[in-house]
$ cat start_11.cif   # mmCIF, C-alpha atoms
data_input
#
loop_
_atom_site.group_PDB
_atom_site.id
_atom_site.type_symbol
_atom_site.label_atom_id
_atom_site.label_comp_id
_atom_site.auth_asym_id
_atom_site.auth_seq_id
_atom_site.Cartn_x
_atom_site.Cartn_y
_atom_site.Cartn_z
ATOM 1 C CA MET A 1 3.018 -2.712 -5.795
ATOM 2 C CA LEU A 2 5.617 -5.424 -5.205
ATOM 3 C CA GLY A 3 4.436 -8.756 -3.904
ATOM 4 C CA GLU A 4 5.870 -11.705 -2.004
ATOM 5 C CA LYS A 5 5.740 -14.952 -3.991
ATOM 6 C CA LEU A 6 3.362 -17.271 -2.166
ATOM 7 C CA PRO A 7 1.676 -20.336 -3.698
ATOM 8 C CA PHE A 8 -1.670 -19.497 -5.288
ATOM 9 C CA ASN A 9 -3.411 -22.440 -3.601
ATOM 10 C CA SER A 10 -2.283 -21.210 -0.155
ATOM 11 C CA PHE A 11 -4.861 -18.385 -0.349
ATOM 12 C CA ILE A 12 -2.280 -16.168 1.388
ATOM 13 C CA GLY A 13 -1.512 -12.933 -0.421
ATOM 14 C CA GLY A 14 1.480 -10.744 0.348
ATOM 15 C CA TRP A 15 2.383 -7.251 -0.886
ATOM 16 C CA TYR A 16 4.650 -4.467 0.349
ATOM 17 C CA ILE A 17 3.397 -1.134 1.639
ATOM 18 C CA PRO A 18 5.729 1.904 1.822
ATOM 19 C CA LYS A 19 8.400 1.880 4.519
ATOM 20 C CA LYS A 20 7.367 5.418 5.511
ATOM 21 C CA THR A 21 3.921 4.106 6.502
ATOM 22 C CA CYS A 22 5.626 1.476 8.678
ATOM 23 C CA ASP A 23 7.932 4.080 10.243
ATOM 24 C CA ASP A 24 4.995 6.382 10.992
ATOM 25 C CA LEU A 25 3.196 3.566 12.850
ATOM 26 C CA VAL A 26 6.305 2.646 14.865
ATOM 27 C CA ASN A 27 6.894 6.327 15.709
ATOM 28 C CA TYR A 28 3.261 6.635 16.838
ATOM 29 C CA TYR A 29 3.694 3.593 19.085
ATOM 30 C CA ASP A 30 6.895 4.988 20.604
ATOM 31 C CA ALA A 31 5.359 8.453 21.122
ATOM 32 C CA ASN A 32 2.261 7.124 22.943
ATOM 33 C CA PRO A 33 3.374 4.850 25.813
ATOM 34 C CA HIS A 34 0.237 5.855 27.754
ATOM 35 C CA LEU A 35 -1.875 3.934 25.189
ATOM 36 C CA VAL A 36 0.140 0.712 25.452
ATOM 37 C CA HIS A 37 -1.287 -2.258 27.390
ATOM 38 C CA LYS A 38 -0.402 -5.927 27.731
ATOM 39 C CA GLY A 39 -1.714 -7.993 24.850
ATOM 40 C CA THR A 40 -4.740 -10.161 25.511
ATOM 41 C CA ILE A 41 -6.398 -13.226 24.034
ATOM 42 C CA GLY A 42 -10.093 -14.071 24.063
ATOM 43 C CA GLY A 43 -11.464 -11.084 22.170
ATOM 44 C CA SER A 44 -13.339 -8.052 23.419
ATOM 45 C CA THR A 45 -15.924 -9.891 25.539
ATOM 46 C CA SER A 46 -13.523 -11.816 27.769
ATOM 47 C CA PRO A 47 -9.975 -10.516 27.252
ATOM 48 C CA GLU A 48 -7.290 -12.269 29.244
ATOM 49 C CA VAL A 49 -3.524 -11.798 29.598
ATOM 50 C CA ASN A 50 -1.921 -15.223 29.185
ATOM 51 C CA LEU A 51 1.829 -15.067 28.572
ATOM 52 C CA LYS A 52 1.987 -18.778 27.707
ATOM 53 C CA HIS A 53 -0.181 -18.026 24.667
ATOM 54 C CA LYS A 54 0.630 -14.413 23.750
ATOM 55 C CA GLU A 55 3.249 -11.991 24.977
ATOM 56 C CA SER A 56 2.905 -8.534 23.473
ATOM 57 C CA PHE A 57 2.361 -4.867 24.248
ATOM 58 C CA ASP A 58 -0.496 -3.415 22.199
ATOM 59 C CA ILE A 59 -2.236 -0.242 21.121
ATOM 60 C CA ASN A 60 -5.800 -0.675 19.824
ATOM 61 C CA PHE A 61 -7.049 1.787 17.210
ATOM 62 C CA LYS A 62 -10.636 2.750 16.547
ATOM 63 C CA GLY A 63 -9.659 3.549 12.969
ATOM 64 C CA ASN A 64 -9.987 7.329 12.689
ATOM 65 C CA GLU A 65 -6.453 8.251 13.854
ATOM 66 C CA LYS A 66 -4.416 9.934 11.084
ATOM 67 C CA VAL A 67 -1.652 7.345 11.171
ATOM 68 C CA VAL A 68 -4.215 4.553 10.761
ATOM 69 C CA LEU A 69 -6.018 6.355 7.925
ATOM 70 C CA ASP A 70 -2.745 6.383 5.941
ATOM 71 C CA TYR A 71 -2.221 2.701 6.734
ATOM 72 C CA ASN A 72 -5.793 1.906 5.628
ATOM 73 C CA THR A 73 -5.105 3.591 2.270
ATOM 74 C CA GLN A 74 -2.119 1.309 1.708
ATOM 75 C CA LEU A 75 -3.985 -1.722 3.054
ATOM 76 C CA GLN A 76 -6.839 -1.099 0.594
ATOM 77 C CA LYS A 77 -4.350 -1.376 -2.281
ATOM 78 C CA CYS A 78 -3.292 -4.780 -0.937
ATOM 79 C CA LEU A 79 -6.908 -5.874 -0.539
ATOM 80 C CA ASN A 80 -7.647 -4.852 -4.136
ATOM 81 C CA LEU A 81 -4.765 -7.058 -5.319
ATOM 82 C CA TYR A 82 -6.009 -9.924 -3.146
ATOM 83 C CA LEU A 83 -9.505 -9.635 -4.618
ATOM 84 C CA LYS A 84 -8.034 -9.548 -8.124
ATOM 85 C CA LYS A 85 -5.961 -12.669 -7.379
ATOM 86 C CA TYR A 86 -8.880 -14.524 -5.755
ATOM 87 C CA GLU A 87 -11.864 -13.103 -7.652
ATOM 88 C CA TYR A 88 -14.541 -15.204 -5.930
ATOM 89 C CA CYS A 89 -13.497 -13.803 -2.566
ATOM 90 C CA ASP A 90 -15.368 -10.672 -3.601
ATOM 91 C CA HIS A 91 -18.571 -12.636 -4.400
ATOM 92 C CA SER A 92 -19.715 -12.457 -0.793
ATOM 93 C CA ALA A 93 -21.708 -10.148 1.408
ATOM 94 C CA LYS A 94 -20.209 -6.715 2.032
ATOM 95 C CA PHE A 95 -17.262 -6.708 4.438
ATOM 96 C CA GLY A 96 -15.046 -4.095 6.076
ATOM 97 C CA ILE A 97 -12.974 -3.328 9.139
ATOM 98 C CA THR A 98 -15.395 -3.243 12.069
ATOM 99 C CA GLU A 99 -13.153 -4.213 15.017
ATOM 100 C CA PRO A 100 -10.221 -2.228 16.424
ATOM 101 C CA ILE A 101 -6.915 -2.539 14.595
ATOM 102 C CA ASN A 102 -4.052 -3.736 16.800
ATOM 103 C CA LEU A 103 -0.534 -2.316 16.769
ATOM 104 C CA GLN A 104 1.566 -4.912 18.594
ATOM 105 C CA LYS A 105 5.146 -5.045 19.821
ATOM 106 C CA TYR A 106 6.516 -8.466 20.707
ATOM 107 C CA PRO A 107 9.602 -8.429 22.934
ATOM 108 C CA VAL A 108 12.517 -10.782 22.283
ATOM 109 C CA GLY A 109 11.116 -14.222 23.123
ATOM 110 C CA GLY A 110 7.535 -12.916 22.916
ATOM 111 C CA GLY A 111 4.837 -13.429 20.316
ATOM 112 C CA PHE A 112 1.646 -15.357 19.676
ATOM 113 C CA LYS A 113 3.146 -18.677 20.672
ATOM 114 C CA LEU A 114 0.373 -21.192 20.014
ATOM 115 C CA PHE A 115 -1.262 -22.264 16.782
ATOM 116 C CA HIS A 116 -4.616 -20.527 16.364
ATOM 117 C CA PHE A 117 -6.944 -19.137 13.735
ATOM 118 C CA GLU A 118 -8.983 -15.953 13.620
ATOM 119 C CA ARG A 119 -12.526 -17.307 13.744
ATOM 120 C CA MET A 120 -12.478 -19.569 16.795
ATOM 121 C CA ALA A 121 -15.664 -18.611 18.639
ATOM 122 C CA LYS A 122 -19.191 -17.287 18.206
ATOM 123 C CA LYS A 123 -18.038 -13.713 18.877
ATOM 124 C CA SER A 124 -15.608 -13.878 15.928
ATOM 125 C CA ILE A 125 -17.941 -15.700 13.512
ATOM 126 C CA GLY A 126 -18.344 -12.600 11.305
ATOM 127 C CA ARG A 127 -14.639 -12.371 10.515
ATOM 128 C CA TYR A 128 -13.840 -13.036 6.868
ATOM 129 C CA LEU A 129 -10.207 -12.096 6.153
ATOM 130 C CA VAL A 130 -7.279 -11.245 8.397
ATOM 131 C CA PHE A 131 -4.539 -8.747 7.545
ATOM 132 C CA MET A 132 -1.124 -8.228 9.085
ATOM 133 C CA THR A 133 1.820 -5.995 8.248
ATOM 134 C CA TYR A 134 5.343 -6.435 9.585
ATOM 135 C CA LEU A 135 6.657 -3.025 10.623
ATOM 136 C CA ASN A 136 10.306 -4.033 11.017
ATOM 137 C CA ASN A 137 12.759 -6.618 9.715
ATOM 138 C CA VAL A 138 13.337 -9.585 12.003
ATOM 139 C CA LYS A 139 15.582 -12.276 10.474
ATOM 140 C CA ASP A 140 14.434 -14.981 12.894
ATOM 141 C CA GLY A 141 10.803 -13.817 13.074
ATOM 142 C CA GLY A 142 7.746 -14.244 10.866
ATOM 143 C CA THR A 143 4.604 -16.365 10.820
ATOM 144 C CA GLU A 144 4.197 -20.108 10.411
ATOM 145 C CA PHE A 145 1.095 -21.451 8.631
ATOM 146 C CA LEU A 146 0.501 -25.035 9.759
ATOM 147 C CA TYR A 147 -1.405 -26.671 6.895
ATOM 148 C CA GLN A 148 0.172 -24.640 4.104
ATOM 149 C CA LYS A 149 3.661 -25.511 5.422
ATOM 150 C CA ILE A 150 4.658 -21.885 4.808
ATOM 151 C CA LYS A 151 6.802 -19.616 6.956
ATOM 152 C CA THR A 152 6.494 -15.985 5.908
ATOM 153 C CA PRO A 153 9.429 -13.700 6.641
ATOM 154 C CA ALA A 154 9.130 -10.683 8.928
ATOM 155 C CA LYS A 155 10.117 -8.101 6.310
ATOM 156 C CA LYS A 156 9.309 -4.448 6.855
ATOM 157 C CA GLY A 157 6.205 -3.506 4.878
ATOM 158 C CA LEU A 158 5.136 -7.059 3.978
ATOM 159 C CA THR A 159 1.358 -7.105 4.295
ATOM 160 C CA LEU A 160 -0.344 -10.484 4.378
ATOM 161 C CA ILE A 161 -4.040 -11.203 3.812
ATOM 162 C CA TRP A 162 -5.577 -14.640 4.314
ATOM 163 C CA PRO A 163 -8.882 -16.333 5.288
ATOM 164 C CA CYS A 164 -9.853 -16.335 8.978
ATOM 165 C CA GLU A 165 -10.900 -20.001 9.014
ATOM 166 C CA TRP A 166 -9.230 -23.040 10.647
ATOM 167 C CA THR A 167 -7.658 -23.906 7.306
ATOM 168 C CA HIS A 168 -5.203 -21.091 8.028
ATOM 169 C CA THR A 169 -4.069 -22.129 11.490
ATOM 170 C CA HIS A 170 -0.893 -20.183 12.259
ATOM 171 C CA LYS A 171 1.430 -18.886 14.969
ATOM 172 C CA GLY A 172 4.225 -16.402 15.340
ATOM 173 C CA ILE A 173 7.824 -17.429 14.828
ATOM 174 C CA ILE A 174 9.409 -16.370 18.112
ATOM 175 C CA SER A 175 12.532 -14.242 17.678
ATOM 176 C CA LYS A 176 15.423 -14.819 20.044
ATOM 177 C CA SER A 177 17.317 -11.784 18.756
ATOM 178 C CA LYS A 178 15.010 -8.821 18.125
ATOM 179 C CA GLU A 179 11.591 -7.430 19.001
ATOM 180 C CA LYS A 180 8.936 -7.723 16.294
ATOM 181 C CA ILE A 181 6.357 -5.030 15.548
ATOM 182 C CA ILE A 182 3.186 -5.668 13.543
ATOM 183 C CA ILE A 183 -0.191 -4.120 12.845
ATOM 184 C CA THR A 184 -3.099 -6.520 12.399
ATOM 185 C CA GLY A 185 -6.866 -6.784 12.226
ATOM 186 C CA TRP A 186 -9.827 -8.318 10.413
ATOM 187 C CA TYR A 187 -12.251 -7.686 7.622
ATOM 188 C CA SER A 188 -15.670 -8.750 8.920
ATOM 189 C CA PHE A 189 -19.114 -8.940 7.373
ATOM 190 C CA VAL A 190 -21.103 -5.727 7.864
#

$ encode --input "start_11.cif" --output "structure tokens"
Amino acid sequence: MLGEKLPFNSFIGGWYIPKKTCDDLVNYYDANPHLVHKGTIGGSTSPEVNLKHKESFDINFKGNEKVVLDYNTQLQKCLNLYLKKYEYCDHSAKFGITEPINLQKYPVGGGFKLFHFERMAKKSIGRYLVFMTYLNNVKDGGTEFLYQKIKTPAKKGLTLIWPCEWTHTHKGIISKSKEKIIITGWYSFV
């Protein structure tokens, strides 16, 4: 599995999943407009639409849909490589995907606009690692990691895994030319 070269001490891993898996997810999104809703912030207990912070159109998966099962197979390969790269990451309590996975489409000028991290409140305290896959190429898109001073490119199939903590504060790079499509979620302690 090909990987993106990221500094070891960034604790950000990046590998490429098959383009067919990406295409299948995008096709699922396009074929199911009745499942799409405006993206929210604040988690499942107090979700809020706030376009100053996040502008997206999302589908939330429970995890048993066929298209997500294929994605999970590819994601597991990336996780295995992450755990091999950072061996002590696997010296923790058992973790898995326990929250819905989010398929998100950001319109031109949209995105997660503010710096944030994935474990910002009591309700998200069990999150351990975050994962995200870019489902299309966006030359002026990607993700900016504040403290690592890294901007990852939005390349189709690139799957990133990183810690959920404040050390990995990040935001989307807002495209002015093309919509960006990602799938993202969290590994949490079980």

$ closest_residue --input "start_11.cif" --among "A:Ile173, A:Leu160, A:Leu2, A:Ala93" --to "Leu75 of chain A" --atoms "all atoms listed in the file"
A:Leu160

$ atom_distance --input "start_11.cif" --atom1 "atom CA of Cys22 of chain A" --atom2 "atom CA of Ile182 of chain A"
9.0 Å

$ residues_around --input "start_11.cif" --residues "segment 83-90 of chain A" --least-positions-apart "2" --cutoff "12 Å" --atoms "all atoms listed in the file" --output "list in words"
Gly3, Leu6, Pro7, Phe8, Asn9, Ser10, Phe11, Ile12, Gly13, Gly14, Trp15, Gln76, Lys77, Cys78, Leu79, Asn80, Leu81, Ser92, Ala93, Lys94, Phe95, Gly96, Tyr128, Leu129, Ile161, Trp162, Pro163, Tyr187 and Phe189 of chain A

$ write_last_selection --input "start_11.cif" --atoms "C-alpha atoms" --output "short mmCIF file (atom, residue, chain, number, x, y, z; two decimals), keeping the file's coordinate frame"
data_model
loop_
_atom_site.label_atom_id
_atom_site.label_comp_id
_atom_site.auth_asym_id
_atom_site.auth_seq_id
_atom_site.Cartn_x
_atom_site.Cartn_y
_atom_site.Cartn_z
CA GLY A 3 4.44 -8.76 -3.90
CA LEU A 6 3.36 -17.27 -2.17
CA PRO A 7 1.68 -20.34 -3.70
CA PHE A 8 -1.67 -19.50 -5.29
CA ASN A 9 -3.41 -22.44 -3.60
CA SER A 10 -2.28 -21.21 -0.16
CA PHE A 11 -4.86 -18.39 -0.35
CA ILE A 12 -2.28 -16.17 1.39
CA GLY A 13 -1.51 -12.93 -0.42
CA GLY A 14 1.48 -10.74 0.35
CA TRP A 15 2.38 -7.25 -0.89
CA GLN A 76 -6.84 -1.10 0.59
CA LYS A 77 -4.35 -1.38 -2.28
CA CYS A 78 -3.29 -4.78 -0.94
CA LEU A 79 -6.91 -5.87 -0.54
CA ASN A 80 -7.65 -4.85 -4.14
CA LEU A 81 -4.76 -7.06 -5.32
CA SER A 92 -19.72 -12.46 -0.79
CA ALA A 93 -21.71 -10.15 1.41
CA LYS A 94 -20.21 -6.72 2.03
CA PHE A 95 -17.26 -6.71 4.44
CA GLY A 96 -15.05 -4.10 6.08
CA TYR A 128 -13.84 -13.04 6.87
CA LEU A 129 -10.21 -12.10 6.15
CA ILE A 161 -4.04 -11.20 3.81
CA TRP A 162 -5.58 -14.64 4.31
CA PRO A 163 -8.88 -16.33 5.29
CA TYR A 187 -12.25 -7.69 7.62
CA PHE A 189 -19.11 -8.94 7.37
#

$ residues_around --input "start_11.cif" --residues "Phe115 of chain A" --least-positions-apart "2" --cutoff "7 Å" --atoms "all atoms listed in the file" --output "list in words"
Lys113, Thr169, His170 and Lys171 of chain A

$ write_last_selection --input "start_11.cif" --atoms "C-alpha atoms" --output "mmCIF file, keeping the file's coordinate frame"
data_model
loop_
_atom_site.group_PDB
_atom_site.id
_atom_site.type_symbol
_atom_site.label_atom_id
_atom_site.label_comp_id
_atom_site.auth_asym_id
_atom_site.auth_seq_id
_atom_site.Cartn_x
_atom_site.Cartn_y
_atom_site.Cartn_z
ATOM 1 C CA LYS A 113 3.146 -18.677 20.672
ATOM 2 C CA THR A 169 -4.069 -22.129 11.490
ATOM 3 C CA HIS A 170 -0.893 -20.183 12.259
ATOM 4 C CA LYS A 171 1.430 -18.886 14.969
#

$ residues_around --input "start_11.cif" --residues "Lys105 of chain A" --least-positions-apart "4" --cutoff "7 Å" --atoms "all atoms listed in the file" --output "PyMOL selection string"
chain A and resi 56-58+179-182

$ atom_distance --input "start_11.cif" --atom1 "atom CA of Asn102 of chain A" --atom2 "atom CA of His116 of chain A"
16.8 Å

$ atom_distance --input "start_11.cif" --atom1 "atom CA of Glu99 of chain A" --atom2 "atom CA of Val138 of chain A"
27.2 Å

$ resolve_selection --input "start_11.cif" --expression "the PyMOL selection byres ((chain A and resi 110) around 9)" --output "PDB file with C-alpha atoms, in the frame of the given file"
ATOM      1  CA  LEU A  51       1.829 -15.067  28.572  1.00  0.00           C
ATOM      2  CA  LYS A  54       0.630 -14.413  23.750  1.00  0.00           C
ATOM      3  CA  GLU A  55       3.249 -11.991  24.977  1.00  0.00           C
ATOM      4  CA  SER A  56       2.905  -8.534  23.473  1.00  0.00           C
ATOM      5  CA  LYS A 105       5.146  -5.045  19.821  1.00  0.00           C
ATOM      6  CA  TYR A 106       6.516  -8.466  20.707  1.00  0.00           C
ATOM      7  CA  PRO A 107       9.602  -8.429  22.934  1.00  0.00           C
ATOM      8  CA  VAL A 108      12.517 -10.782  22.283  1.00  0.00           C
ATOM      9  CA  GLY A 109      11.116 -14.222  23.123  1.00  0.00           C
ATOM     10  CA  GLY A 111       4.837 -13.429  20.316  1.00  0.00           C
ATOM     11  CA  PHE A 112       1.646 -15.357  19.676  1.00  0.00           C
ATOM     12  CA  LYS A 113       3.146 -18.677  20.672  1.00  0.00           C
ATOM     13  CA  GLY A 172       4.225 -16.402  15.340  1.00  0.00           C
ATOM     14  CA  ILE A 174       9.409 -16.370  18.112  1.00  0.00           C
ATOM     15  CA  SER A 175      12.532 -14.242  17.678  1.00  0.00           C
ATOM     16  CA  LYS A 176      15.423 -14.819  20.044  1.00  0.00           C
ATOM     17  CA  GLU A 179      11.591  -7.430  19.001  1.00  0.00           C
ATOM     18  CA  LYS A 180       8.936  -7.723  16.294  1.00  0.00           C
TER      19      LYS A 180
END

$ resolve_selection --input "start_11.cif" --expression "the PyMOL selection byres ((chain A and resi 19) around 10)" --output "count of residues only"
14

$ residues_around --input "start_11.cif" --residues "Ser124 of chain A" --least-positions-apart "6" --cutoff "12 Å" --atoms "all atoms listed in the file" --output "list in words"
Gly42, Gly43, Ser44, Thr45, Thr98, Glu99, Phe117, Glu118, Val130, Cys164, Glu165, Gly185, Trp186, Tyr187, Ser188 and Phe189 of chain A

$ write_last_selection --input "start_11.cif" --atoms "C-alpha atoms" --output "JSON list (two decimals), keeping the file's coordinate frame"
[["chain", "number", "residue", "atom", "x", "y", "z"],
["A", 42, "GLY", "CA", -10.09, -14.07, 24.06],
["A", 43, "GLY", "CA", -11.46, -11.08, 22.17],
["A", 44, "SER", "CA", -13.34, -8.05, 23.42],
["A", 45, "THR", "CA", -15.92, -9.89, 25.54],
["A", 98, "THR", "CA", -15.40, -3.24, 12.07],
["A", 99, "GLU", "CA", -13.15, -4.21, 15.02],
["A", 117, "PHE", "CA", -6.94, -19.14, 13.74],
["A", 118, "GLU", "CA", -8.98, -15.95, 13.62],
["A", 130, "VAL", "CA", -7.28, -11.24, 8.40],
["A", 164, "CYS", "CA", -9.85, -16.34, 8.98],
["A", 165, "GLU", "CA", -10.90, -20.00, 9.01],
["A", 185, "GLY", "CA", -6.87, -6.78, 12.23],
["A", 186, "TRP", "CA", -9.83, -8.32, 10.41],
["A", 187, "TYR", "CA", -12.25, -7.69, 7.62],
["A", 188, "SER", "CA", -15.67, -8.75, 8.92],
["A", 189, "PHE", "CA", -19.11, -8.94, 7.37]]

$ closest_residue --input "start_11.cif" --among "A:Leu103, A:Leu114, A:Met120, A:Leu146" --to "His53 of chain A" --atoms "only C-alpha atoms"
A:Leu114

$ residues_near_point --input "start_11.cif" --point "(17.1, -11.6, 11.0)" --cutoff "10 Å" --atoms "only C-alpha atoms" --output "PyMOL selection string"
chain A and resi 137-142+153-155+175-178

$ closest_residue --input "start_11.cif" --among "A:Tyr147, A:Lys5, A:His91, A:Phe131" --to "Gln74 of chain A" --atoms "all atoms listed in the file"
A:Phe131

$ closest_residue --input "start_11.cif" --among "A:Ile97, A:Arg119, A:Asn64, A:Gln104" --to "Leu35 of chain A" --atoms "all atoms listed in the file"
A:Gln104

$ closest_residue --input "start_11.cif" --among "A:Met1, A:Ile59, A:Val49, A:Val68" --to "His37 of chain A" --atoms "only C-alpha atoms"
A:Ile59

$ closest_residue --input "start_11.cif" --among "A:Phe145, A:Tyr28, A:Phe61, A:Trp166" --to "Pro100 of chain A" --atoms "all atoms listed in the file"
A:Phe61
